[in-house]
Amino acid sequence: AIVPRTAWSQNPLPARPGSINYVEGQAAIGSDTLSATSIGSVELGKDQILTTQAGKVEILLTSGVFLRVADNSSVKMVSPELANTEVELDKGRALVEVIDIHKENNIRIDQNGATVRLVKNGLYDFDADHSQVRVVKGEAEVRAGNQEVKLKGKRMVAITTGGPLKSQGFESRQYED
């Protein structure tokens, strides 16, 4: 849907990186429990940690980029800057949907000692428990130590300590409607 320009100015506080867009079930930032009333009014700030138990949370990373944190997961906001956005997935899983990325954006997801830079619009699946990063659609650069690998759609990499970063294919049926 196209939103008329006047609708933008009606919200005095534009959404900022770290804004909580959606909460379902059990989730918290530090010791503060999140609920439906947190939506649009709470932000995951620098160095804060968001955890989920039996719950899911969507966080705005930048305009058009959404981090969806799954059950039993933990995410830390490393840098909530608009042009330099970085989060760390400590445990569990998260999906990042990139609807609109600009060349000025530097969006990075840290996981298992690697840094993943999202380069193009797409869908990215992060699994810290199994040390895997999947690019369902889009393009990402994965860096661990002095190794770097580019991943495009339907490619994944396993991140193992000291092991080589190697792009491999995967079935993406689970992501299709």
# chains A, B, ... in the order shown; residues from 1 in each chain; ligands from 1
call {"tool": "select_by_dssp", "arguments": {"residues": "region 9-173 of chain A", "states": "strand (DSSP E or B)", "output": "PyMOL selection string"}}
result
chain A and resi 19-29+32-33+43+49-62+65-69+74-80+85-91+93-98+107-111+114-118+122-127+132-137+139-144+147-152+155-158+167-169
call {"tool": "closest_atom_pairs", "arguments": {"of": "region 12-81 of chain A", "to": "region 99-122 of chain A", "cutoff": "10 Å", "atoms": "only C-alpha atoms", "output": "CSV"}}
result
residue,atom,partner,partner_atom,distance
A:Leu61,CA,A:Ile107,CA,8.0
A:Thr62,CA,A:Asn105,CA,8.3
A:Ser63,CA,A:Asp100,CA,7.3
A:Gly64,CA,A:Asp100,CA,4.7
A:Val65,CA,A:Ile99,CA,6.0
A:Phe66,CA,A:Ile99,CA,8.3
A:Leu67,CA,A:Ile109,CA,9.8
A:Val75,CA,A:Asp110,CA,9.6
A:Lys76,CA,A:Asp110,CA,9.4
A:Met77,CA,A:Ile109,CA,9.7
A:Val78,CA,A:Asp110,CA,9.0
A:Ser79,CA,A:Arg108,CA,9.3
A:Pro80,CA,A:Ile107,CA,9.9
A:Glu81,CA,A:Asn106,CA,9.4
call {"tool": "write_last_selection", "arguments": {"atoms": "N, CA and C atoms", "output": "CSV table (one decimal), in the first residue's frame"}}
result
chain,number,residue,atom,x,y,z
A,61,LEU,N,16.0,-2.7,12.2
A,61,LEU,CA,17.5,-2.4,12.2
A,61,LEU,C,17.7,-1.0,11.5
A,62,THR,N,17.2,-0.8,10.3
A,62,THR,CA,17.1,0.5,9.7
A,62,THR,C,15.8,0.4,8.8
A,63,SER,N,15.5,1.5,8.3
A,63,SER,CA,14.2,1.6,7.5
A,63,SER,C,14.3,0.5,6.4
A,64,GLY,N,13.3,-0.4,6.4
A,64,GLY,CA,13.3,-1.5,5.4
A,64,GLY,C,14.1,-2.7,5.7
A,65,VAL,N,14.7,-2.8,6.9
A,65,VAL,CA,15.5,-3.9,7.3
A,65,VAL,C,15.0,-4.4,8.7
A,66,PHE,N,14.5,-5.6,8.8
A,66,PHE,CA,13.9,-6.2,10.0
A,66,PHE,C,14.6,-7.4,10.5
A,67,LEU,N,14.9,-7.4,11.8
A,67,LEU,CA,15.4,-8.6,12.4
A,67,LEU,C,14.3,-9.3,13.2
A,75,VAL,N,20.0,-11.8,21.4
A,75,VAL,CA,20.6,-10.8,20.5
A,75,VAL,C,21.1,-9.6,21.3
A,76,LYS,N,22.3,-9.2,20.9
A,76,LYS,CA,22.9,-8.0,21.5
A,76,LYS,C,23.0,-6.9,20.5
A,77,MET,N,22.6,-5.6,20.8
A,77,MET,CA,22.8,-4.5,19.9
A,77,MET,C,24.2,-4.0,20.1
A,78,VAL,N,25.0,-4.1,19.1
A,78,VAL,CA,26.4,-3.7,19.1
A,78,VAL,C,26.5,-2.2,18.7
A,79,SER,N,25.8,-1.8,17.6
A,79,SER,CA,25.8,-0.4,17.2
A,79,SER,C,24.4,-0.1,16.5
A,80,PRO,N,23.6,0.8,17.1
A,80,PRO,CA,22.3,1.1,16.6
A,80,PRO,C,22.3,2.4,15.7
A,81,GLU,N,23.5,2.7,15.1
A,81,GLU,CA,23.6,3.8,14.2
A,81,GLU,C,22.9,3.5,12.9
call {"tool": "closest_residue", "arguments": {"among": "A:Val133, A:Ile159, A:Leu89, A:Tyr22", "to": "Ile39 (chain A)", "atoms": "only C-alpha atoms"}}
result
A:Tyr22
call {"tool": "atom_distance", "arguments": {"atom1": "CA of Glu24 (chain A)", "atom2": "CA of Asp125 (chain A)"}}
result
19.4 Å
call {"tool": "atom_distance", "arguments": {"atom1": "CA of Val23 (chain A)", "atom2": "CA of Glu97 (chain A)"}}
result
16.6 Å
call {"tool": "select_by_dssp", "arguments": {"residues": "region 9-153 of chain A", "states": "helix (DSSP H, G or I)", "output": "PyMOL selection string"}}
result
chain A and resi 9+36-38
call {"tool": "atom_distance", "arguments": {"atom1": "CA of Ala140 (chain A)", "atom2": "CA of Tyr124 (chain A)"}}
result
8.5 Å
call {"tool": "residues_around", "arguments": {"residues": "Arg155 (chain A)", "least_positions_apart": "4", "cutoff": "10 Å", "atoms": "only C-alpha atoms", "output": "list in words"}}
result
Val133, Arg134, Val135, Val136, Lys137, Gly138, Glu139, Ala140, Lys150, Leu151, Lys166, Ser167, Gln168, Gly169, Phe170, Glu171 and Ser172 of chain A
call {"tool": "write_last_selection", "arguments": {"atoms": "C-alpha atoms", "output": "PDB file, in the first residue's frame"}}
result
ATOM      1  CA  VAL A 133      24.286 -18.633   8.010  1.00  0.00           C
ATOM      2  CA  ARG A 134      21.905 -19.104   5.070  1.00  0.00           C
ATOM      3  CA  VAL A 135      21.166 -16.621   2.309  1.00  0.00           C
ATOM      4  CA  VAL A 136      17.702 -17.593   1.093  1.00  0.00           C
ATOM      5  CA  LYS A 137      17.631 -14.644  -1.285  1.00  0.00           C
ATOM      6  CA  GLY A 138      20.063 -11.741  -1.593  1.00  0.00           C
ATOM      7  CA  GLU A 139      23.815 -11.400  -1.096  1.00  0.00           C
ATOM      8  CA  ALA A 140      26.040 -11.316   1.977  1.00  0.00           C
ATOM      9  CA  LYS A 150      30.416 -14.184  -0.603  1.00  0.00           C
ATOM     10  CA  LEU A 151      27.039 -15.889  -0.325  1.00  0.00           C
ATOM     11  CA  LYS A 166      32.994 -22.695   2.390  1.00  0.00           C
ATOM     12  CA  SER A 167      29.834 -21.749   0.511  1.00  0.00           C
ATOM     13  CA  GLN A 168      27.446 -24.633  -0.109  1.00  0.00           C
ATOM     14  CA  GLY A 169      23.930 -25.013  -1.470  1.00  0.00           C
ATOM     15  CA  PHE A 170      20.810 -25.878   0.554  1.00  0.00           C
ATOM     16  CA  GLU A 171      17.144 -26.611  -0.069  1.00  0.00           C
ATOM     17  CA  SER A 172      15.012 -23.515   0.509  1.00  0.00           C
TER      18      SER A 172
END
call {"tool": "residues_around", "arguments": {"residues": "Val69 (chain A)", "least_positions_apart": "5", "cutoff": "6 Å", "atoms": "only C-alpha atoms", "output": "VMD selection string"}}
result
chain A and resid 56 to 57 94
call {"tool": "write_last_selection", "arguments": {"atoms": "C-alpha atoms", "output": "PDB file, in the first residue's frame"}}
result
ATOM      1  CA  LYS A  56       9.286 -13.943  19.071  1.00  0.00           C
ATOM      2  CA  VAL A  57      10.337 -10.320  18.563  1.00  0.00           C
ATOM      3  CA  ALA A  94      17.003 -15.007  13.716  1.00  0.00           C
TER       4      ALA A  94
END
call {"tool": "closest_residue", "arguments": {"among": "A:Ile59, A:Ala70, A:Leu95, A:Ala54", "to": "Gly40 (chain A)", "atoms": "only C-alpha atoms"}}
result
A:Ile59
call {"tool": "closest_residue", "arguments": {"among": "A:Gly25, A:Gly153, A:Pro17, A:Gly92", "to": "Asn72 (chain A)", "atoms": "only C-alpha atoms"}}
result
A:Gly92
call {"tool": "closest_residue", "arguments": {"among": "A:Val142, A:Leu60, A:Ile29, A:Leu165", "to": "Arg16 (chain A)", "atoms": "only C-alpha atoms"}}
result
A:Leu60
call {"tool": "closest_residue", "arguments": {"among": "A:Asp129, A:Ser41, A:Glu86, A:Ala158", "to": "Ser74 (chain A)", "atoms": "only C-alpha atoms"}}
result
A:Asp129
